[in-house]
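Text of run_2.pdb, listed as PDB, C-alpha atoms and all ligand atoms:
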```pdb
ATOM      1  CA  MET Q   1     -53.008  -0.010 -26.901
ATOM      2  CA  ARG Q   2     -52.274  -2.935 -24.617
ATOM      3  CA  ILE Q   3     -48.772  -3.256 -26.030
ATOM      4  CA  ALA Q   4     -48.193   0.445 -25.490
ATOM      5  CA  HIS Q   5     -49.247   0.016 -21.874
ATOM      6  CA  LEU Q   6     -46.963  -2.954 -21.492
ATOM      7  CA  LEU Q   7     -44.011  -1.076 -22.956
ATOM      8  CA  PHE Q   8     -44.723   1.830 -20.669
ATOM      9  CA  ALA Q   9     -44.881  -0.528 -17.690
ATOM     10  CA  ILE Q  10     -41.559  -2.145 -18.647
ATOM     11  CA  ALA Q  11     -39.940   1.248 -19.128
ATOM     12  CA  ALA Q  12     -41.280   2.458 -15.795
ATOM     13  CA  ALA Q  13     -40.149  -0.718 -14.031
ATOM     14  CA  SER Q  14     -36.630  -0.503 -15.415
ATOM     15  CA  LEU Q  15     -36.492   3.148 -14.377
ATOM     16  CA  VAL Q  16     -37.425   2.161 -10.844
ATOM     17  CA  ALA Q  17     -34.879  -0.659 -10.932
ATOM     18  CA  ALA Q  18     -32.212   1.729 -12.196
ATOM     19  CA  THR Q  19     -32.913   4.304  -9.524
ATOM     20  CA  THR Q  20     -32.973   1.781  -6.695
ATOM     21  CA  VAL Q  21     -29.717   0.092  -7.740
ATOM     22  CA  ALA Q  22     -27.674   3.238  -8.318
ATOM     23  CA  ALA Q  23     -25.957   4.231  -5.090
ATOM     24  CA  PRO Q  24     -25.567   7.918  -4.305
ATOM     25  CA  ALA Q  25     -22.110   9.214  -5.234
ATOM     26  CA  CYS Q  26     -21.191   9.954  -1.635
ATOM     27  CA  ALA Q  27     -22.307   6.580  -0.205
ATOM     28  CA  PRO Q  28     -19.795   5.008   2.176
ATOM     29  CA  PRO Q  29     -18.204   1.815   0.825
ATOM     30  CA  ALA Q  30     -20.304  -1.300   1.324
ATOM     31  CA  ALA Q  31     -19.182  -3.625   4.103
ATOM     32  CA  SER Q  32     -18.887  -6.382   1.482
ATOM     33  CA  ASP Q  33     -16.306  -4.309  -0.446
ATOM     34  CA  ILE Q  34     -14.252  -3.834   2.690
ATOM     35  CA  GLU Q  35     -14.444  -7.550   3.487
ATOM     36  CA  SER Q  36     -13.408  -8.600  -0.010
ATOM     37  CA  GLY Q  37     -10.597  -6.020   0.079
ATOM     38  CA  LYS Q  38      -9.349  -7.580   3.291
ATOM     39  CA  HIS Q  39      -9.505 -11.024   1.699
ATOM     40  CA  LEU Q  40      -7.518  -9.792  -1.322
ATOM     41  CA  VAL Q  41      -4.894  -8.194   0.928
ATOM     42  CA  LEU Q  42      -4.562 -11.490   2.804
ATOM     43  CA  ILE Q  43      -4.251 -13.768  -0.200
ATOM     44  CA  SER Q  44      -1.944 -11.268  -1.973
ATOM     45  CA  HIS Q  45       0.522 -11.278   0.942
ATOM     46  CA  CYS Q  46       0.672  -7.479   1.182
ATOM     47  CA  ASN Q  47       1.143  -7.890   4.952
ATOM     48  CA  ASN Q  48       4.264 -10.022   4.501
ATOM     49  CA  CYS Q  49       6.165  -6.905   3.519
ATOM     50  CA  HIS Q  50       4.018  -3.932   4.547
ATOM     51  CA  THR Q  51       3.330  -5.082   8.135
ATOM     52  CA  ALA Q  52       6.150  -5.115  10.675
ATOM     53  CA  GLY Q  53       6.758  -8.557  12.188
ATOM     54  CA  TYR Q  54       4.194 -10.337   9.991
ATOM     55  CA  VAL Q  55       6.575 -12.946   8.581
ATOM     56  CA  ALA Q  56       8.473 -13.407  11.849
ATOM     57  CA  ASN Q  57       5.163 -14.103  13.610
ATOM     58  CA  THR Q  58       3.791 -16.249  10.770
ATOM     59  CA  GLY Q  59       0.871 -13.877  10.295
ATOM     60  CA  ALA Q  60      -0.079 -13.591  13.981
ATOM     61  CA  VAL Q  61      -0.167  -9.788  14.041
ATOM     62  CA  PRO Q  62      -3.404  -8.075  15.135
ATOM     63  CA  GLU Q  63      -5.288  -6.372  12.323
ATOM     64  CA  ASP Q  64      -4.970  -2.968  13.986
ATOM     65  CA  ARG Q  65      -1.244  -3.091  13.186
ATOM     66  CA  TRP Q  66      -1.523  -4.180   9.563
ATOM     67  CA  LEU Q  67      -0.055  -2.282   6.606
ATOM     68  CA  MET Q  68       1.674   0.438   8.634
ATOM     69  CA  GLY Q  69       4.998  -0.059   6.850
ATOM     70  CA  ASN Q  70       8.073  -1.985   7.816
ATOM     71  CA  PRO Q  71      11.335  -0.773   9.361
ATOM     72  CA  VAL Q  72      13.150  -3.882   8.089
ATOM     73  CA  GLY Q  73      14.653  -2.850   4.771
ATOM     74  CA  TRP Q  74      15.440  -4.695   1.583
ATOM     75  CA  ARG Q  75      19.046  -4.199   0.518
ATOM     76  CA  GLY Q  76      19.905  -4.741  -3.119
ATOM     77  CA  LYS Q  77      22.379  -3.589  -5.696
ATOM     78  CA  GLY Q  78      20.607  -0.239  -6.077
ATOM     79  CA  GLY Q  79      20.303   0.543  -2.369
ATOM     80  CA  THR Q  80      17.868  -0.288   0.427
ATOM     81  CA  VAL Q  81      14.099   0.201   0.222
ATOM     82  CA  TYR Q  82      11.391   0.020   2.849
ATOM     83  CA  ALA Q  83       7.820  -1.210   2.374
ATOM     84  CA  SER Q  84       5.571   1.844   2.712
ATOM     85  CA  ASN Q  85       2.886   2.604   5.258
ATOM     86  CA  LEU Q  86      -0.042   1.827   2.962
ATOM     87  CA  ARG Q  87      -2.573   3.384   5.331
ATOM     88  CA  LEU Q  88      -0.892   6.757   4.889
ATOM     89  CA  VAL Q  89      -0.214   6.258   1.168
ATOM     90  CA  MET Q  90      -3.904   5.524   0.446
ATOM     91  CA  GLN Q  91      -4.924   8.665   2.366
ATOM     92  CA  GLN Q  92      -3.052  10.705  -0.244
ATOM     93  CA  LEU Q  93      -4.820   9.042  -3.163
ATOM     94  CA  THR Q  94      -8.371   9.186  -4.444
ATOM     95  CA  GLU Q  95      -9.932   5.841  -5.285
ATOM     96  CA  ASP Q  96      -9.677   6.536  -9.035
ATOM     97  CA  GLY Q  97      -6.120   7.766  -8.527
ATOM     98  CA  TRP Q  98      -5.201   4.464  -6.902
ATOM     99  CA  VAL Q  99      -6.733   2.425  -9.725
ATOM    100  CA  GLN Q 100      -4.747   4.459 -12.269
ATOM    101  CA  LEU Q 101      -1.531   4.257 -10.257
ATOM    102  CA  ALA Q 102      -1.850   0.485  -9.887
ATOM    103  CA  ARG Q 103      -2.036   0.203 -13.689
ATOM    104  CA  VAL Q 104       1.166   2.160 -14.380
ATOM    105  CA  GLY Q 105       3.230   2.275 -11.158
ATOM    106  CA  GLU Q 106       6.651   0.622 -11.101
ATOM    107  CA  TRP Q 107       8.385   0.387  -7.751
ATOM    108  CA  ARG Q 108      11.684  -1.063  -6.650
ATOM    109  CA  ALA Q 109      12.266  -4.700  -5.702
ATOM    110  CA  PRO Q 110      10.831  -6.596  -3.991
ATOM    111  CA  MET Q 111       7.487  -4.771  -4.536
ATOM    112  CA  PRO Q 112       5.636  -7.039  -7.019
ATOM    113  CA  TRP Q 113       4.097  -4.098  -8.927
ATOM    114  CA  TRP Q 114       3.488  -6.161 -12.083
ATOM    115  CA  SER Q 115       0.992  -8.306 -10.145
ATOM    116  CA  LEU Q 116      -1.169  -5.234  -9.471
ATOM    117  CA  ARG Q 117      -1.932  -5.239 -13.231
ATOM    118  CA  ASP Q 118      -3.758  -8.554 -12.779
ATOM    119  CA  TYR Q 119      -6.478  -7.145 -10.543
ATOM    120  CA  SER Q 120      -9.790  -5.958 -11.929
ATOM    121  CA  ASP Q 121     -10.793  -2.355 -11.236
ATOM    122  CA  ASP Q 122     -13.352  -3.634  -8.715
ATOM    123  CA  GLU Q 123     -10.684  -5.630  -6.892
ATOM    124  CA  LEU Q 124      -8.360  -2.616  -6.744
ATOM    125  CA  ARG Q 125     -11.254  -0.513  -5.429
ATOM    126  CA  ALA Q 126     -11.989  -3.135  -2.770
ATOM    127  CA  ILE Q 127      -8.325  -3.092  -1.659
ATOM    128  CA  TYR Q 128      -8.446   0.708  -1.467
ATOM    129  CA  ARG Q 129     -11.671   0.669   0.536
ATOM    130  CA  TYR Q 130     -10.272  -1.873   2.954
ATOM    131  CA  VAL Q 131      -7.021   0.017   3.517
ATOM    132  CA  ARG Q 132      -8.946   3.288   3.918
ATOM    133  CA  SER Q 133     -11.191   1.576   6.479
ATOM    134  CA  LEU Q 134      -8.118   1.149   8.707
ATOM    135  CA  LYS Q 135      -7.134   4.155  10.785
ATOM    136  CA  PRO Q 136      -4.391   6.287   9.161
ATOM    137  CA  LEU Q 137      -1.869   5.515  11.889
ATOM    138  CA  GLY Q 138       1.890   5.094  12.153
ATOM    139  CA  THR Q 139       4.713   6.974  10.533
ATOM    140  CA  ARG Q 140       6.081   6.961   7.017
ATOM    141  CA  ALA Q 141       8.442   4.089   6.300
ATOM    142  CA  PRO Q 142      12.123   5.124   6.350
ATOM    143  CA  ASP Q 143      13.410   6.783   3.184
ATOM    144  CA  ALA Q 144      15.307   4.544   0.803
ATOM    145  CA  LEU Q 145      19.089   4.437   1.260
ATOM    146  CA  PRO Q 146      21.533   4.818  -1.617
ATOM    147  CA  ALA Q 147      23.686   1.948  -2.846
ATOM    148  CA  GLY Q 148      26.763   1.519  -0.738
ATOM    149  CA  GLN Q 149      25.182   2.821   2.484
ATOM    150  CA  MET Q 150      24.772   0.017   4.994
ATOM    151  CA  PRO Q 151      21.232  -0.165   6.420
ATOM    152  CA  PRO Q 152      20.684  -0.721  10.133
ATOM    153  CA  LYS Q 153      20.165  -4.366  11.078
ATOM    154  CA  PRO Q 154      18.050  -6.364  10.660
ATOM    155  CA  TYR Q 155      17.563  -6.096   6.913
ATOM    156  CA  ASN Q 156      16.778  -8.483   4.086
ATOM    157  CA  GLN Q 157      19.414  -9.064   1.434
ATOM    158  CA  LEU Q 158      18.073  -9.322  -2.092
ATOM    159  CA  PRO Q 159      19.850 -11.538  -4.628
ATOM    160  CA  ASP Q 160      21.218  -9.856  -7.757
ATOM    161  CA  LEU Q 161      18.627 -10.808 -10.363
ATOM    162  CA  ASP Q 162      20.202  -8.847 -13.205
ATOM    163  CA  GLY Q 163      22.563 -11.672 -14.047
ATOM    164  CA  CYS Q 164      21.945 -15.302 -14.845
ATOM    165  CA  GLU Q 165      18.502 -15.641 -13.207
ATOM    166  CA  ARG Q 166      16.937 -13.041 -15.481
ATOM    167  CA  ALA Q 167      18.796 -14.374 -18.502
ATOM    168  CA  ALA Q 168      17.555 -17.883 -17.724
ATOM    169  CA  VAL Q 169      13.938 -16.905 -18.391
ATOM    170  CA  SER Q 170      14.557 -14.627 -21.385
ATOM    171  CA  PRO Q 171      13.178 -16.022 -24.658
TER     172      PRO Q 171
HETATM  173  C1  LIG C   1       7.723  -8.833  -1.264
HETATM  174  C2  LIG C   1       7.398  -7.641  -0.520
HETATM  175  C3  LIG C   1       6.163  -6.851  -0.892
HETATM  176  C4  LIG C   1       4.893  -7.327  -1.118
HETATM  177  C5  LIG C   1       4.400  -8.768  -1.092
HETATM  178  C6  LIG C   1       4.071  -6.179  -1.406
HETATM  179  N1  LIG C   1       4.831  -5.038  -1.353
HETATM  180 FE1  LIG C   1       4.188  -3.150  -1.789
HETATM  181  N2  LIG C   1       6.092  -2.458  -1.549
HETATM  182  C7  LIG C   1       7.166  -3.191  -1.104
HETATM  183  C8  LIG C   1       8.321  -2.332  -1.000
HETATM  184  C9  LIG C   1       9.703  -2.738  -0.524
HETATM  185  C10 LIG C   1       7.921  -1.051  -1.434
HETATM  186  C11 LIG C   1       8.790   0.213  -1.580
HETATM  187  C12 LIG C   1       9.339   0.208  -2.992
HETATM  188  C13 LIG C   1      10.067   1.473  -3.357
HETATM  189  O1  LIG C   1      10.395   2.274  -2.468
HETATM  190  O2  LIG C   1      10.322   1.682  -4.562
HETATM  191  C14 LIG C   1       6.513  -1.172  -1.760
HETATM  192  C15 LIG C   1       5.731  -0.133  -2.258
HETATM  193  C16 LIG C   1       4.371  -0.202  -2.461
HETATM  194  C17 LIG C   1       3.561   0.904  -2.915
HETATM  195  C18 LIG C   1       4.080   2.304  -3.236
HETATM  196  C19 LIG C   1       3.787   3.160  -2.041
HETATM  197  C20 LIG C   1       4.399   4.524  -2.031
HETATM  198  O3  LIG C   1       5.151   4.805  -1.082
HETATM  199  O4  LIG C   1       4.150   5.305  -2.955
HETATM  200  C21 LIG C   1       2.272   0.452  -2.955
HETATM  201  C22 LIG C   1       1.039   1.250  -3.357
HETATM  202  C23 LIG C   1       2.280  -0.933  -2.557
HETATM  203  N3  LIG C   1       3.573  -1.306  -2.275
HETATM  204  C24 LIG C   1       1.154  -1.715  -2.448
HETATM  205  C25 LIG C   1       1.184  -3.081  -2.187
HETATM  206  C26 LIG C   1       0.007  -3.921  -2.157
HETATM  207  C27 LIG C   1      -1.427  -3.422  -2.324
HETATM  208  C28 LIG C   1       0.429  -5.188  -1.939
HETATM  209  C29 LIG C   1      -0.390  -6.445  -1.929
HETATM  210  C30 LIG C   1      -1.248  -6.622  -3.108
HETATM  211  C31 LIG C   1       1.890  -5.140  -1.841
HETATM  212  N4  LIG C   1       2.286  -3.842  -1.978
HETATM  213  C32 LIG C   1       2.713  -6.233  -1.656
HETATM  214  C33 LIG C   1       7.172  -4.528  -0.827
HETATM  215  C34 LIG C   1       6.113  -5.397  -1.027
END
```
Could you write out this structure as structure tokens?
Ligand code: HEC
Amino acid sequence: MRIAHLLFAIAAASLVAATTVAAPACAPPAASDIESGKHLVLISHCNNCHTAGYVANTGAVPEDRWLMGNPVGWRGKGGTVYASNLRLVMQQLTEDGWVQLARVGEWRAPMPWWSLRDYSDDELRAIYRYVRSLKPLGTRAPDALPAGQMPPKPYNQLPDLDGCERAAVSP
């Protein structure tokens, strides 16, 4: 009888624990998620490319201008690409959609898409929550330009990595 009571008490306690821990589905993201997302964005250098003037000002760009895309293009053999306005991009994605996209997306150089595969789901969710916590401001980054069309200055020139550099690391 005592054991039965004990088991009942344990079951009841774990039920209480389970109900108190589970957050309602519509809960706003925790402040800690947003903070860790910001930290991940900072140490992953997303701003270096996705924030105008970030490199030129060695990071001294106010947070309210972060991740709004960059009008300075990257010109390579295949054309010129522009780092997207991530605030607007994330508005078009659900959180689960972003996690899935980060696992399969392949973008043009110099976007280091392969590194997105190294994040845990929780880290990707934190990045999403941070970016979504920023106001969806700014305009879309310029459309990519085809090969052979000169981009307006200034632009970054990418080296041709198809040749000896890639071969040098092939097994
Ligand atoms: C070295 C520069 C660079 C860095 C660092 C970088 N990006 Fe990018 N990113 C780009 C460029 C350029 C594009 C556009 C590529 C294209 O058009 O194919 C892009 C595209 C993207 C896209 C696709 C958006 C769309 O328009 O659909 C996402 C999402 C993205 N980046 C997220 C990130 C995140 C998150 C980080 C940090 C973890 C990051 N990027 C770091 C340069 C960079």
| request: Go through Q:Arg129, Q:Arg108, Q:His39, Q:His45 one by one, measure the shortest atom-to-atom distance of each to Gly79 in chain Q using all atoms listed in the file, and give the residue with the smallest value. | output: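 For Gly79 in chain Q, the nearest of the candidates is Q:Arg108.
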| task | Grab me every residue within 6 Å of ligand LIG 1 (chain C), counting only C-alpha atoms and all ligand atoms, and send it over as number ranges by chain. | result | Q: 41, 44-46, 48-49, 81-84, 89, 107-108, 110-112
| Could you name the residues that touch range 56-72 of chain Q at 12 Å or less, counting all atoms listed in the file, but leaving out those on the same chain fewer than 4 positions away, as a PyMOL selection string? | chain Q and resi 38+41-43+45-52+80-90+127+130-144+151-157
| For Trp98 in chain Q, which of Q:Gly73, Q:Ala31, Q:Arg125, Q:Gly78 is the closest residue, counting all atoms listed in the file? |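 Residue with the minimum atom-to-atom distance to Trp98 in chain Q: Q:Arg125.
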| field | Interatomic distance (Å, one decimal) between CA of Gly37 in chain Q and CA of Leu124 in chain Q | value | 7.9 Å
| Between Q:Ala102, Q:Ala30, Q:Asp160, Q:Arg75, which is the closest to Asp121 in chain Q once you count only C-alpha atoms? |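 Looking at the shortest contact to Asp121 in chain Q, the residue is Q:Ala102.
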| Among listed residues Q:Ala27, Q:Leu145, Q:Leu116, Q:Ala109, nearest Leu158 in chain Q (using all atoms listed in the file) | Q:Ala109
| query | Which residue, Q:Pro159, Q:Gly53, Q:Tyr128, Q:Arg117, has the smallest gap to Asp33 in chain Q when you use all atoms listed in the file? | reply |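 Of the candidates, the smallest distance to Asp33 in chain Q is held by Q:Tyr128.
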| What is the distance, in Å and to one decimal place, between CA of Gly76 in chain Q and CA of Gln91 in chain Q? |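 Separating CA of Gly76 in chain Q from CA of Gln91 in chain Q is a distance of 28.7 Å.
Our summary of the geometry notes that CA of Glu123 in chain Q is positioned 15.2 Å from CA of Thr94 in chain Q.
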Using the incomplete input, complete range 110-131 of chain Q to the level of N, CA and C atoms; output as a JSON list (two decimals), in the coordinates of the input.
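The resulting file, out.json, is shown below:
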```
[["chain", "number", "residue", "atom", "x", "y", "z"],
["Q", 110, "PRO", "N", 11.59, -5.45, -3.47],
["Q", 110, "PRO", "CA", 10.83, -6.60, -3.99],
["Q", 110, "PRO", "C", 9.34, -6.32, -4.19],
["Q", 111, "MET", "N", 8.91, -5.04, -4.33],
["Q", 111, "MET", "CA", 7.49, -4.77, -4.54],
["Q", 111, "MET", "C", 7.02, -5.41, -5.85],
["Q", 112, "PRO", "N", 6.08, -6.36, -5.78],
["Q", 112, "PRO", "CA", 5.64, -7.04, -7.02],
["Q", 112, "PRO", "C", 4.59, -6.21, -7.78],
["Q", 113, "TRP", "N", 5.04, -5.04, -8.30],
["Q", 113, "TRP", "CA", 4.10, -4.10, -8.93],
["Q", 113, "TRP", "C", 3.40, -4.69, -10.16],
["Q", 114, "TRP", "N", 4.08, -5.58, -10.87],
["Q", 114, "TRP", "CA", 3.49, -6.16, -12.08],
["Q", 114, "TRP", "C", 2.23, -6.96, -11.74],
["Q", 115, "SER", "N", 2.17, -7.52, -10.53],
["Q", 115, "SER", "CA", 0.99, -8.31, -10.14],
["Q", 115, "SER", "C", -0.23, -7.41, -9.94],
["Q", 116, "LEU", "N", -0.01, -6.13, -9.63],
["Q", 116, "LEU", "CA", -1.17, -5.23, -9.47],
["Q", 116, "LEU", "C", -1.95, -5.11, -10.78],
["Q", 117, "ARG", "N", -1.26, -5.33, -11.91],
["Q", 117, "ARG", "CA", -1.93, -5.24, -13.23],
["Q", 117, "ARG", "C", -2.96, -6.36, -13.41],
["Q", 118, "ASP", "N", -2.85, -7.41, -12.60],
["Q", 118, "ASP", "CA", -3.76, -8.55, -12.78],
["Q", 118, "ASP", "C", -5.09, -8.38, -12.07],
["Q", 119, "TYR", "N", -5.21, -7.35, -11.25],
["Q", 119, "TYR", "CA", -6.48, -7.14, -10.54],
["Q", 119, "TYR", "C", -7.47, -6.43, -11.46],
["Q", 120, "SER", "N", -8.75, -6.73, -11.24],
["Q", 120, "SER", "CA", -9.79, -5.96, -11.93],
["Q", 120, "SER", "C", -9.92, -4.61, -11.21],
["Q", 121, "ASP", "N", -10.56, -3.65, -11.88],
["Q", 121, "ASP", "CA", -10.79, -2.36, -11.24],
["Q", 121, "ASP", "C", -11.55, -2.55, -9.92],
["Q", 122, "ASP", "N", -12.56, -3.42, -9.93],
["Q", 122, "ASP", "CA", -13.35, -3.63, -8.72],
["Q", 122, "ASP", "C", -12.48, -4.18, -7.59],
["Q", 123, "GLU", "N", -11.55, -5.07, -7.94],
["Q", 123, "GLU", "CA", -10.68, -5.63, -6.89],
["Q", 123, "GLU", "C", -9.75, -4.55, -6.33],
["Q", 124, "LEU", "N", -9.22, -3.71, -7.22],
["Q", 124, "LEU", "CA", -8.36, -2.62, -6.74],
["Q", 124, "LEU", "C", -9.16, -1.66, -5.86],
["Q", 125, "ARG", "N", -10.41, -1.40, -6.25],
["Q", 125, "ARG", "CA", -11.25, -0.51, -5.43],
["Q", 125, "ARG", "C", -11.52, -1.14, -4.07],
["Q", 126, "ALA", "N", -11.73, -2.45, -4.05],
["Q", 126, "ALA", "CA", -11.99, -3.14, -2.77],
["Q", 126, "ALA", "C", -10.75, -3.04, -1.87],
["Q", 127, "ILE", "N", -9.56, -3.21, -2.45],
["Q", 127, "ILE", "CA", -8.32, -3.09, -1.66],
["Q", 127, "ILE", "C", -8.25, -1.68, -1.08],
["Q", 128, "TYR", "N", -8.49, -0.69, -1.92],
["Q", 128, "TYR", "CA", -8.45, 0.71, -1.47],
["Q", 128, "TYR", "C", -9.43, 0.92, -0.32],
["Q", 129, "ARG", "N", -10.64, 0.44, -0.49],
["Q", 129, "ARG", "CA", -11.67, 0.67, 0.54],
["Q", 129, "ARG", "C", -11.30, -0.02, 1.84],
["Q", 130, "TYR", "N", -10.70, -1.20, 1.72],
["Q", 130, "TYR", "CA", -10.27, -1.87, 2.95],
["Q", 130, "TYR", "C", -9.17, -1.07, 3.64],
["Q", 131, "VAL", "N", -8.15, -0.70, 2.89],
["Q", 131, "VAL", "CA", -7.02, 0.02, 3.52],
["Q", 131, "VAL", "C", -7.51, 1.34, 4.11]]
```
